[in-house]
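Asker: One file: protein.csv (CSV, C-alpha atoms).
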chain,number,residue,atom,x,y,z
F,195,MET,CA,15.8,-11.1,11.8
F,196,PHE,CA,17.5,-10.7,8.5
F,197,ARG,CA,16.5,-14.2,7.6
F,198,MET,CA,12.9,-13.3,8.2
F,199,LEU,CA,13.3,-10.1,6.3
F,200,THR,CA,14.8,-11.8,3.3
F,201,GLU,CA,12.5,-14.8,3.3
F,202,MET,CA,9.4,-12.6,3.4
F,203,ALA,CA,10.8,-10.5,0.5
F,204,GLY,CA,11.5,-13.5,-1.6
F,205,ASP,CA,13.6,-12.9,-4.7
F,206,ALA,CA,12.9,-9.2,-4.4
F,207,ALA,CA,15.5,-9.2,-1.5
F,208,ALA,CA,18.2,-9.7,-4.1
F,209,PHE,CA,17.4,-6.2,-5.4
F,210,GLY,CA,17.2,-4.6,-1.9
F,211,HIS,CA,13.4,-4.5,-1.9
F,212,PHE,CA,12.1,-5.2,1.6
F,213,GLY,CA,8.9,-4.7,3.5
F,214,ALA,CA,5.5,-3.0,3.0
F,215,ALA,CA,6.9,0.6,2.8
F,216,ALA,CA,8.9,-0.3,-0.3
F,217,GLY,CA,5.9,-1.9,-2.0
F,218,TYR,CA,3.5,0.9,-1.3
F,219,ALA,CA,6.1,3.4,-2.3
F,220,LEU,CA,6.1,1.7,-5.8
F,221,ALA,CA,2.3,2.0,-5.9
F,222,ALA,CA,2.4,5.6,-4.7
F,223,ARG,CA,5.0,6.6,-7.4
F,224,ARG,CA,2.8,5.1,-10.1
F,225,ALA,CA,-0.1,7.1,-8.8
F,226,MET,CA,2.0,10.3,-8.9
F,227,HIS,CA,2.7,9.5,-12.6
F,228,GLU,CA,-0.9,8.6,-13.5
F,229,PHE,CA,-2.9,11.2,-11.7
F,230,GLY,CA,-0.5,13.7,-10.2
F,231,THR,CA,-0.8,13.0,-6.5
F,232,GLY,CA,2.2,13.3,-4.2
F,233,PRO,CA,3.5,14.7,-0.9
F,234,GLU,CA,1.3,17.8,-1.3
F,235,THR,CA,-1.7,15.6,-1.0
F,236,TRP,CA,-0.3,13.2,1.6
F,237,LYS,CA,0.8,15.9,4.0
F,238,HIS,CA,-2.9,16.8,4.6
F,239,ILE,CA,-3.5,13.1,5.7
F,240,ALA,CA,-0.4,12.9,7.9
F,241,VAL,CA,-1.0,16.3,9.5
F,242,GLY,CA,-4.8,15.9,9.7
F,243,GLN,CA,-4.7,12.6,11.5
F,244,ARG,CA,-2.0,13.9,13.9
F,245,ARG,CA,-4.5,16.5,15.0
F,246,TRP,CA,-6.9,13.8,16.0
F,247,ALA,CA,-4.1,11.9,17.8
F,248,ASN,CA,-3.4,15.1,19.8
F,249,LEU,CA,-6.9,14.7,21.2
F,250,ASN,CA,-6.4,11.1,22.0
F,251,PRO,CA,-4.5,10.3,25.2
F,252,ARG,CA,-4.0,6.7,24.1
F,253,ALA,CA,-2.3,7.8,20.9
F,254,VAL,CA,1.5,7.1,20.6
F,255,MET,CA,1.8,10.6,19.0
F,256,HIS,CA,-0.6,12.3,21.5
F,257,ASP,CA,2.0,14.8,22.7
F,258,LYS,CA,3.7,15.4,19.4
F,259,PRO,CA,2.0,18.0,17.2
F,260,MET,CA,3.0,18.1,13.5
F,261,THR,CA,2.9,21.0,11.1
F,262,ASP,CA,3.2,20.9,7.3
F,263,GLU,CA,6.7,22.1,7.7
F,264,ASP,CA,7.5,19.2,10.1
F,265,TYR,CA,6.1,16.8,7.4
F,266,TYR,CA,8.3,18.3,4.7
F,267,ASN,CA,11.4,18.3,7.0
F,268,ALA,CA,11.0,14.6,7.9
F,269,LYS,CA,13.6,12.2,6.4
F,270,TRP,CA,12.9,10.1,3.4
F,271,LEU,CA,12.4,6.4,4.2
F,272,VAL,CA,11.5,4.9,0.8
F,273,GLU,CA,10.9,7.9,-1.5
F,274,PRO,CA,8.3,9.1,-2.2
F,275,PHE,CA,7.5,8.3,1.4
F,276,ARG,CA,8.8,10.4,4.3
F,277,LEU,CA,8.8,9.0,7.8
F,278,PRO,CA,5.3,10.4,8.7
F,279,ASP,CA,3.8,8.7,5.6
F,280,ASN,CA,4.4,5.4,7.4
F,281,CYS,CA,2.3,3.8,10.1
F,282,LEU,CA,3.7,3.3,13.6
F,283,VAL,CA,5.4,0.2,15.0
F,284,ASN,CA,4.1,-0.5,18.4
F,285,ASP,CA,2.9,-3.2,20.8
F,286,GLY,CA,-0.7,-3.3,22.1
F,287,GLY,CA,-4.0,-5.0,21.7
F,288,ARG,CA,-7.6,-4.4,20.7
F,289,ALA,CA,-10.8,-6.3,21.0
F,290,CYS,CA,-14.3,-6.0,19.7
F,291,ILE,CA,-17.2,-8.2,20.7
F,292,ILE,CA,-19.7,-9.3,18.1
F,293,THR,CA,-22.9,-10.8,19.3
F,294,SER,CA,-26.6,-11.0,18.3
F,295,ALA,CA,-28.8,-7.9,18.5
F,296,GLU,CA,-31.0,-9.7,21.0
F,297,ARG,CA,-28.1,-10.4,23.4
F,298,ALA,CA,-26.6,-6.9,22.9
F,299,ARG,CA,-29.9,-5.2,23.9
F,300,ASP,CA,-29.3,-6.2,27.5
F,301,LEU,CA,-25.7,-4.8,27.7
F,302,ARG,CA,-24.7,-1.7,29.5
F,303,HIS,CA,-23.3,0.2,26.5
F,304,PRO,CA,-25.0,1.5,23.4
F,305,ILE,CA,-24.6,-0.9,20.5
F,306,VAL,CA,-23.5,-0.6,16.9
F,307,THR,CA,-24.6,-2.7,14.0
F,308,ILE,CA,-23.1,-3.7,10.7
F,309,MET,CA,-25.1,-2.3,7.8
F,310,GLY,CA,-23.1,-3.7,5.0
F,311,MET,CA,-19.8,-5.3,4.0
F,312,GLY,CA,-17.9,-6.0,0.9
F,313,GLN,CA,-14.6,-7.6,0.0
F,314,HIS,CA,-12.6,-7.6,-3.2
F,315,ASN,CA,-9.2,-9.1,-3.7
F,316,PRO,CA,-7.5,-8.4,-7.0
F,317,SER,CA,-4.6,-10.5,-5.8
F,318,THR,CA,-1.7,-11.2,-8.1
F,319,ALA,CA,2.1,-11.1,-7.9
F,320,PHE,CA,2.3,-7.3,-7.2
F,321,PRO,CA,4.9,-6.4,-9.9
F,322,GLN,CA,2.3,-7.5,-12.5
F,323,ALA,CA,-0.5,-5.6,-10.7
F,324,THR,CA,-2.6,-3.2,-12.8
F,325,TYR,CA,-4.3,-1.6,-9.8
F,326,LEU,CA,-1.5,0.1,-7.9
F,327,ALA,CA,-2.8,3.5,-8.9
F,328,GLY,CA,-6.4,2.3,-8.6
F,329,PRO,CA,-9.0,1.2,-8.9
F,330,THR,CA,-7.9,-1.1,-6.1
F,331,GLY,CA,-10.2,-3.7,-4.5
F,332,ALA,CA,-11.7,-0.8,-2.6
F,333,ARG,CA,-13.9,0.1,-5.6
F,334,GLN,CA,-15.8,-3.1,-5.8
F,335,ALA,CA,-15.7,-3.8,-2.0
F,336,SER,CA,-17.3,-0.4,-1.3
F,337,GLU,CA,-20.0,-0.8,-4.0
F,338,THR,CA,-21.0,-4.1,-2.5
F,339,ALA,CA,-21.0,-2.7,1.1
F,340,LEU,CA,-23.0,0.4,0.1
F,341,ALA,CA,-25.5,-1.7,-1.8
F,342,MET,CA,-26.0,-4.0,1.1
F,343,ALA,CA,-26.5,-1.1,3.5
F,344,GLY,CA,-28.8,0.6,1.0
F,345,ILE,CA,-27.1,4.0,1.3
F,346,THR,CA,-24.8,6.3,-0.7
F,347,LEU,CA,-21.6,8.1,0.2
F,348,ASP,CA,-23.8,11.2,1.1
F,349,ASP,CA,-25.1,9.2,4.1
F,350,ILE,CA,-21.6,8.7,5.6
F,351,ASP,CA,-20.7,10.8,8.6
F,352,ALA,CA,-17.0,9.8,9.1
F,353,CYS,CA,-14.4,7.3,7.8
F,354,GLU,CA,-12.0,5.0,9.6
F,355,ILE,CA,-9.7,3.9,6.9
F,356,TYR,CA,-6.9,1.4,7.0
F,357,ASP,CA,-3.9,3.7,6.8
F,358,CYS,CA,-0.7,1.7,6.6
F,359,PHE,CA,0.6,4.6,4.6
F,360,THR,CA,-0.8,8.0,3.7
F,361,TYR,CA,-1.3,7.0,0.1
F,362,THR,CA,-3.5,4.1,1.2
F,363,VAL,CA,-6.0,6.6,2.7
F,364,GLU,CA,-6.0,8.6,-0.5
F,365,ILE,CA,-6.5,5.7,-2.9
F,366,THR,CA,-9.1,4.1,-0.7
F,367,LEU,CA,-11.2,7.3,-0.4
F,368,GLN,CA,-10.7,7.9,-4.2
F,369,ASP,CA,-11.8,4.4,-5.1
F,370,TYR,CA,-14.8,4.7,-2.7
F,371,GLY,CA,-15.8,7.7,-4.9
F,372,PHE,CA,-15.4,10.7,-2.5
F,373,PHE,CA,-13.3,12.4,-5.2
F,374,GLY,CA,-11.9,11.7,-8.7
F,375,PRO,CA,-8.4,10.6,-9.6
F,376,GLY,CA,-6.1,13.5,-8.8
F,377,GLU,CA,-8.7,15.6,-7.0
F,378,GLY,CA,-7.5,14.4,-3.6
F,379,GLU,CA,-5.2,17.4,-2.9
F,380,ASP,CA,-8.2,19.8,-3.3
F,381,TRP,CA,-10.5,17.5,-1.4
F,382,PHE,CA,-8.2,17.2,1.6
F,383,ALA,CA,-7.1,20.8,1.7
F,384,GLY,CA,-8.6,23.2,4.3
F,385,GLY,CA,-8.9,20.6,7.1
F,386,THR,CA,-11.6,18.3,5.5
F,387,ILE,CA,-10.6,15.3,7.6
F,388,GLU,CA,-9.5,17.1,10.8
F,389,PRO,CA,-11.4,18.0,13.9
F,390,GLY,CA,-14.0,20.5,12.8
F,391,GLY,CA,-13.8,19.2,9.2
F,392,ARG,CA,-16.7,18.1,7.0
F,393,MET,CA,-15.6,14.5,6.6
F,394,PRO,CA,-13.6,13.3,9.6
F,395,VAL,CA,-11.1,10.5,8.8
F,396,ASN,CA,-9.2,8.3,11.2
F,397,THR,CA,-10.4,10.1,14.3
F,398,SER,CA,-8.1,8.3,16.7
F,399,GLY,CA,-5.0,9.4,14.8
F,400,GLY,CA,-5.2,6.1,12.9
F,401,GLN,CA,-2.3,3.8,12.3
F,402,LEU,CA,-0.2,6.7,11.3
F,403,SER,CA,-0.5,8.6,14.7
F,404,GLU,CA,-2.5,6.5,17.2
F,405,ALA,CA,-1.3,2.9,17.0
F,406,TYR,CA,-0.9,0.1,14.5
F,407,HIS,CA,-3.3,-2.7,15.5
F,408,MET,CA,-3.8,-4.0,11.9
F,409,GLY,CA,-7.5,-3.8,10.9
F,410,LEU,CA,-8.5,-3.4,14.5
F,411,THR,CA,-7.4,0.3,14.6
F,412,PRO,CA,-10.2,1.5,12.2
F,413,LEU,CA,-12.7,-1.1,13.4
F,414,THR,CA,-12.5,-0.3,17.2
F,415,GLU,CA,-12.5,3.5,16.5
F,416,GLY,CA,-15.5,3.3,14.3
F,417,VAL,CA,-17.4,1.3,17.0
F,418,MET,CA,-16.2,3.5,19.8
F,419,GLN,CA,-17.2,6.7,18.0
F,420,LEU,CA,-20.7,5.4,17.4
F,421,MET,CA,-21.0,4.3,21.0
F,422,GLY,CA,-20.0,7.8,22.1
F,423,ARG,CA,-17.0,6.7,24.1
F,424,CYS,CA,-14.3,8.8,22.5
F,425,GLY,CA,-13.8,11.6,25.1
F,426,GLU,CA,-12.1,14.7,23.8
F,427,ARG,CA,-12.0,13.4,20.2
F,428,GLN,CA,-15.7,12.4,20.2
F,429,LEU,CA,-17.4,13.3,16.9
F,430,GLY,CA,-20.3,15.7,17.4
F,431,PRO,CA,-20.4,19.0,19.2
F,432,MET,CA,-17.2,18.2,21.1
F,433,THR,CA,-15.1,18.4,17.9
F,434,SER,CA,-17.5,20.7,15.8
F,435,THR,CA,-18.3,17.8,13.5
F,436,LYS,CA,-21.5,16.0,12.6
F,437,ASP,CA,-23.0,13.8,15.3
F,438,PRO,CA,-22.2,10.4,13.8
F,439,GLU,CA,-24.8,7.9,12.8
F,440,ILE,CA,-23.0,6.0,10.0
F,441,ILE,CA,-19.3,5.4,9.7
F,442,VAL,CA,-17.5,3.5,6.8
F,443,CYS,CA,-14.4,1.5,7.7
F,444,SER,CA,-11.8,-0.3,5.7
F,445,ASP,CA,-9.1,-2.9,5.9
F,446,ASN,CA,-6.6,-3.9,3.2
F,447,GLY,CA,-3.7,-6.3,2.9
F,448,ALA,CA,-0.5,-7.0,1.1
F,449,ILE,CA,0.4,-4.3,-1.5
F,450,LEU,CA,-3.3,-3.3,-2.1
F,451,GLN,CA,-4.1,-6.9,-3.1
F,452,THR,CA,-7.0,-7.4,-0.7
F,453,HIS,CA,-9.6,-5.0,0.5
F,454,SER,CA,-12.6,-5.1,3.0
F,455,CYS,CA,-15.1,-2.3,3.4
F,456,TYR,CA,-17.8,-2.3,6.1
F,457,ILE,CA,-20.4,0.2,7.2
F,458,LEU,CA,-21.3,0.6,10.9
F,459,ARG,CA,-24.4,2.3,12.3
F,460,ARG,CA,-25.4,3.5,15.7
F,461,TRP,CA,-28.5,1.5,16.8
O,161,MET,CA,35.3,-11.0,-1.2
O,162,THR,CA,32.1,-12.9,-0.4
O,163,TYR,CA,28.8,-11.6,-1.7
O,164,GLU,CA,26.8,-10.5,1.3
O,165,LYS,CA,23.4,-9.5,-0.2
O,166,PRO,CA,20.5,-12.0,-0.3
O,167,LEU,CA,20.4,-14.2,-3.4
O,168,PRO,CA,17.4,-15.5,-5.2
O,169,GLN,CA,16.0,-18.7,-3.7
O,170,ILE,CA,15.8,-20.9,-6.8
O,171,ASN,CA,13.0,-23.4,-6.9
O,172,ALA,CA,11.4,-25.7,-9.4
O,173,ASP,CA,9.3,-22.9,-10.8
O,174,THR,CA,12.1,-20.3,-11.2
O,175,ARG,CA,15.1,-22.5,-12.1
O,176,GLU,CA,14.8,-22.1,-15.8
O,177,PHE,CA,14.5,-18.3,-15.4
O,178,TRP,CA,17.7,-18.0,-13.4
O,179,GLU,CA,19.5,-20.5,-15.7
O,180,GLY,CA,18.7,-18.1,-18.5
O,181,CYS,CA,20.0,-15.1,-16.5
O,182,LYS,CA,23.3,-17.0,-16.1
O,183,GLN,CA,23.5,-16.9,-19.9
O,184,HIS,CA,22.5,-13.2,-19.8
O,185,LEU,CA,19.1,-13.9,-21.3
O,186,ILE,CA,15.8,-12.9,-19.8
O,187,THR,CA,13.4,-15.8,-20.5
O,188,ILE,CA,9.7,-15.5,-20.0
O,189,GLN,CA,7.0,-18.2,-20.1
O,190,LYS,CA,4.5,-18.4,-23.0
O,191,CYS,CA,1.4,-20.5,-22.4
O,192,GLY,CA,1.3,-23.4,-24.9
O,193,ASN,CA,-2.5,-23.1,-25.0
O,194,CYS,CA,-3.5,-19.4,-25.0
O,195,GLY,CA,-0.2,-17.7,-25.7
O,196,PHE,CA,-0.2,-15.5,-22.6
O,197,LEU,CA,3.3,-14.3,-21.7
O,198,ARG,CA,4.0,-14.4,-18.0
O,199,LEU,CA,6.2,-13.7,-15.1
O,200,PRO,CA,6.9,-14.8,-12.4
O,201,PRO,CA,7.4,-18.3,-13.7
O,202,SER,CA,4.6,-20.8,-12.7
O,203,PHE,CA,3.7,-24.3,-13.7
O,204,ILE,CA,0.1,-23.3,-14.6
O,205,CYS,CA,-1.2,-20.5,-16.8
O,206,PRO,CA,-3.1,-17.9,-14.7
O,207,ARG,CA,-5.3,-17.1,-17.7
O,208,CYS,CA,-6.4,-20.5,-19.0
O,209,HIS,CA,-5.0,-22.9,-16.4
O,210,SER,CA,-3.1,-24.9,-19.0
O,211,ARG,CA,0.1,-26.6,-18.0
O,212,LYS,CA,1.6,-26.5,-21.5
O,213,THR,CA,4.4,-24.0,-21.2
O,214,ASP,CA,7.1,-22.8,-23.6
O,215,TRP,CA,9.9,-20.3,-22.9
O,216,ILE,CA,10.8,-17.4,-25.1
O,217,THR,CA,13.7,-15.0,-24.8
O,218,ALA,CA,12.9,-11.3,-24.2
O,219,THR,CA,14.8,-8.5,-25.9
O,220,GLY,CA,15.9,-7.1,-22.6
O,221,ARG,CA,14.3,-3.7,-23.4
O,222,GLY,CA,11.4,-2.2,-21.6
O,223,SER,CA,10.3,0.9,-19.6
O,224,VAL,CA,10.1,1.9,-16.0
O,225,TYR,CA,6.5,1.2,-14.8
O,226,THR,CA,7.3,2.6,-11.3
O,227,PHE,CA,10.2,3.0,-9.0
O,228,ALA,CA,11.1,3.9,-5.4
O,229,VAL,CA,14.3,5.4,-3.9
O,230,ASN,CA,15.5,3.5,-0.9
O,231,HIS,CA,17.1,5.9,1.6
O,232,VAL,CA,17.5,3.4,4.4
O,233,ALA,CA,19.4,0.1,4.3
O,234,PHE,CA,16.9,-2.4,5.8
O,235,HIS,CA,19.6,-5.0,5.2
O,236,PRO,CA,23.2,-3.9,6.1
O,237,ALA,CA,24.7,-5.2,2.9
O,238,PHE,CA,22.9,-2.4,1.1
O,239,GLN,CA,24.3,0.3,3.3
O,240,GLY,CA,26.9,1.3,0.7
O,241,ASP,CA,24.3,1.6,-2.0
O,242,ILE,CA,21.8,4.1,-0.5
O,243,PRO,CA,20.2,5.9,-2.1
O,244,TYR,CA,19.4,3.2,-4.5
O,245,VAL,CA,16.5,2.6,-6.9
O,246,VAL,CA,14.1,-0.4,-6.9
O,247,ALA,CA,11.8,-0.4,-9.9
O,248,ILE,CA,9.2,-2.5,-11.7
O,249,VAL,CA,10.3,-2.6,-15.3
O,250,GLU,CA,7.7,-3.5,-17.9
O,251,LEU,CA,9.4,-5.6,-20.6
O,252,ASP,CA,8.5,-4.8,-24.2
O,253,GLU,CA,6.9,-8.2,-24.3
O,254,GLY,CA,4.5,-7.3,-21.5
O,255,PRO,CA,5.5,-9.1,-18.3
O,256,ARG,CA,7.2,-7.0,-15.5
O,257,LEU,CA,10.3,-7.6,-13.4
O,258,LEU,CA,11.2,-6.2,-10.0
O,259,THR,CA,14.7,-4.9,-10.4
O,260,ASN,CA,17.1,-2.1,-9.9
O,261,ILE,CA,17.8,1.0,-12.1
O,262,VAL,CA,21.5,1.5,-12.3
O,263,ASP,CA,23.9,3.9,-14.1
O,264,CYS,CA,21.4,6.7,-13.4
O,265,ASN,CA,21.1,9.4,-10.8
O,266,PRO,CA,18.1,8.4,-8.7
O,267,ALA,CA,16.7,11.9,-9.1
O,268,GLU,CA,16.5,11.4,-12.8
O,269,VAL,CA,14.5,8.2,-13.0
O,270,ARG,CA,11.0,8.7,-14.4
O,271,CYS,CA,8.0,6.4,-14.9
O,272,ASP,CA,7.8,5.2,-18.6
O,273,MET,CA,11.5,5.9,-19.1
O,274,PRO,CA,13.0,3.5,-21.7
O,275,VAL,CA,15.5,1.1,-20.2
O,276,GLU,CA,17.7,-1.9,-21.2
O,277,VAL,CA,19.0,-4.8,-19.3
O,278,VAL,CA,22.5,-4.7,-17.8
O,279,TRP,CA,23.8,-7.9,-16.1
O,280,ASP,CA,25.3,-8.0,-12.6
O,281,ASP,CA,27.2,-11.2,-12.2
O,282,VAL,CA,27.0,-11.4,-8.4
O,283,THR,CA,28.2,-15.1,-8.0
O,284,ASP,CA,29.4,-17.8,-10.4
O,285,GLU,CA,25.8,-19.1,-10.4
O,286,ILE,CA,23.7,-16.0,-10.2
O,287,SER,CA,23.4,-13.0,-12.6
O,288,LEU,CA,20.9,-10.4,-11.7
O,289,PRO,CA,19.1,-8.5,-14.5
O,290,LYS,CA,19.3,-4.8,-13.7
O,291,PHE,CA,18.3,-2.0,-16.0
O,292,ARG,CA,19.8,1.3,-17.2
O,293,PRO,CA,18.4,4.2,-19.2
O,294,VAL,CA,18.5,3.8,-23.0
O,295,LEU,CA,20.8,6.6,-24.2
How does the structure come out when it is put into structure tokens?
Answerer:
Amino acid sequence: MFRMLTEMAGDAAAFGHFGAAAGYALAARRAMHEFGTGPETWKHIAVGQRRWANLNPRAVMHDKPMTDEDYYNAKWLVEPFRLPDNCLVNDGGRACIITSAERARDLRHPIVTIMGMGQHNPSTAFPQATYLAGPTGARQASETALAMAGITLDDIDACEIYDCFTYTVEITLQDYGFFGPGEGEDWFAGGTIEPGGRMPVNTSGGQLSEAYHMGLTPLTEGVMQLMGRCGERQLGPMTSTKDPEIIVCSDNGAILQTHSCYILRRW
Amino acid sequence: MTYEKPLPQINADTREFWEGCKQHLITIQKCGNCGFLRLPPSFICPRCHSRKTDWITATGRGSVYTFAVNHVAFHPAFQGDIPYVVAIVELDEGPRLLTNIVDCNPAEVRCDMPVEVVWDDVTDEISLPKFRPVL
């Protein structure tokens, strides 16, 4: 295992730099310096997503409520990240079937279509990266996806964002244009992304509190919500949120080096 | 006592860099065509794709671009070091290095803090460039 750890880290291993948490912690620290984010913002993401997980019986953290105080009392992993800033480590699987609209029409379940998609990969050796505090690939990917869909952010009812770390959610929504640099703390405050909030985010609990299934965590939740198959956490009257018609989802890779944005619609 | 931490895996691209470190010099590549200064070492310029490459010696001074404080030893050889600081240092010449900040309380490290190289001779063949605050 140590061989795998050190081989994946490359020469960075010589300096004790291992894994994704360490890389995203470097990005998050630069963001703290550039636009004043930090744990006060990220706690809203960790705690808000946990509230969704508490409504999701499949979530790893279903039976584990989390308060702001619990967040601040959690141990540092790679500072500025505490344990709840990190996604889960779990086994499991997800699947999503993509077929033609003609074929889907005959199926038993309601169907969901792809309105738009965009990808941008500002890939470089990450120590040389100029995008750690944004704009990441999320900016251009979302512009492409929104243009293809022919909509604006005002048309979005909920977000399913790749959340390897809390900071990833903040920088993705910031780059999408939901708020300006450093405005995240105010935007998230007051339960914006939680059940009953005005912009639900990661409604299964996400990778932070439901399960880490790579890009399939946001994708399957977006599809399931639009199909109306989410039980107690279903967007709409059940959770005092808007009945969802359009959901934006994301995926990203490496240390913010790749980004995919796609927009789903109930059909 | 044997050195138990991972060592750089020297390859054809990086050999000259680590040879420089052995002499306590940070060397960086300069494109022989467009003049772009670059790290990590590579045989082709990422800006203009020229293969003409020169090496220059950096001053060893720079500033902390960003940093993270490791509170968990993901590799057991670092257990005695926690909490330790991993940083990206931007050299005065422009390119950046992933490194450690040493001789400094982790709680006092700041982005943009001026730093200078300090050499850690970990084996007969390998010297690691680490950085400390400029007093």
Asker: Take atom CA of Arg245 of chain F and atom CA of Leu220 of chain F and report the distance between them in Å, one decimal.
Answerer: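 So the two atoms, atom CA of Arg245 of chain F and atom CA of Leu220 of chain F, lie 27.6 Å apart.
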Asker: Residues at most 10 Å from Glu439 of chain F, counting only C-alpha atoms, excluding those fewer than 3 positions away in the same chain, as a ChimeraX atom specification?
Answerer: /F:306,349-352,419-421,436,458-461
Asker: Please determine the residues with any atom at most 10 Å from (27.6, 2.5, -13.9) (coordinates as given in the file, with only C-alpha atoms counting) and report them as a VMD selection string.
Answerer: chain O and resid 262 to 265 278 292
Asker: Counting only C-alpha atoms, what is within 7 Å of segment 403-414 of chain F, bar same-chain residues fewer than 5 positions away, as number ranges by chain?
Answerer: F: 243-244, 247, 253-255, 281-284, 287-288, 290, 354-356, 396, 398, 443-445
Asker: Would you save the residues of that selection, restricted to C-alpha atoms, as a short mmCIF file (atom, residue, chain, number, x, y, z; two decimals), in the frame of the given file?
Answerer:
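Contents of the output file result.cif:
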data_model
loop_
_atom_site.label_atom_id
_atom_site.label_comp_id
_atom_site.auth_asym_id
_atom_site.auth_seq_id
_atom_site.Cartn_x
_atom_site.Cartn_y
_atom_site.Cartn_z
CA GLN F 243 -4.70 12.60 11.50
CA ARG F 244 -2.00 13.90 13.90
CA ALA F 247 -4.10 11.90 17.80
CA ALA F 253 -2.30 7.80 20.90
CA VAL F 254 1.50 7.10 20.60
CA MET F 255 1.80 10.60 19.00
CA CYS F 281 2.30 3.80 10.10
CA LEU F 282 3.70 3.30 13.60
CA VAL F 283 5.40 0.20 15.00
CA ASN F 284 4.10 -0.50 18.40
CA GLY F 287 -4.00 -5.00 21.70
CA ARG F 288 -7.60 -4.40 20.70
CA CYS F 290 -14.30 -6.00 19.70
CA GLU F 354 -12.00 5.00 9.60
CA ILE F 355 -9.70 3.90 6.90
CA TYR F 356 -6.90 1.40 7.00
CA ASN F 396 -9.20 8.30 11.20
CA SER F 398 -8.10 8.30 16.70
CA CYS F 443 -14.40 1.50 7.70
CA SER F 444 -11.80 -0.30 5.70
CA ASP F 445 -9.10 -2.90 5.90
#
Asker: So how many Å separate atom CA of Cys194 of chain O and atom CA of Asn171 of chain O, to one decimal?
Answerer: 24.8 Å
Asker: Go through O:Leu295, O:Ala228, O:Cys271, O:Ile242 and flag the residue nearest Thr259 of chain O, using all atoms listed in the file for the distances.
Answerer: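 Once distances to Thr259 of chain O are computed over all atoms listed in the file, the minimum belongs to O:Ala228.
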Asker: Give the residues of chain O that lie within 7 Å of chain F; count all atoms listed in the file, and format the answer as a list of chain:residue names.
Answerer: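 That gives O:Lys165, O:Pro166, O:Leu167, O:Pro168, O:Gln169, O:Thr226, O:Phe227, O:Ala228, O:Val229, O:Asn230, O:His231, O:Val232, O:Phe234, O:His235, O:Phe238, O:Val246, O:Ile248, O:Pro255, O:Arg256, O:Leu257, O:Leu258, O:Thr259, O:Asn260, O:Cys271 for chain O.
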Asker: Between O:Cys191, O:Leu199, O:Ala247, O:Ala237, which one has atoms that come closest to Lys212 of chain O, using all atoms listed in the file?
Answerer: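 Using all atoms listed in the file, the shortest distance to Lys212 of chain O belongs to O:Cys191.
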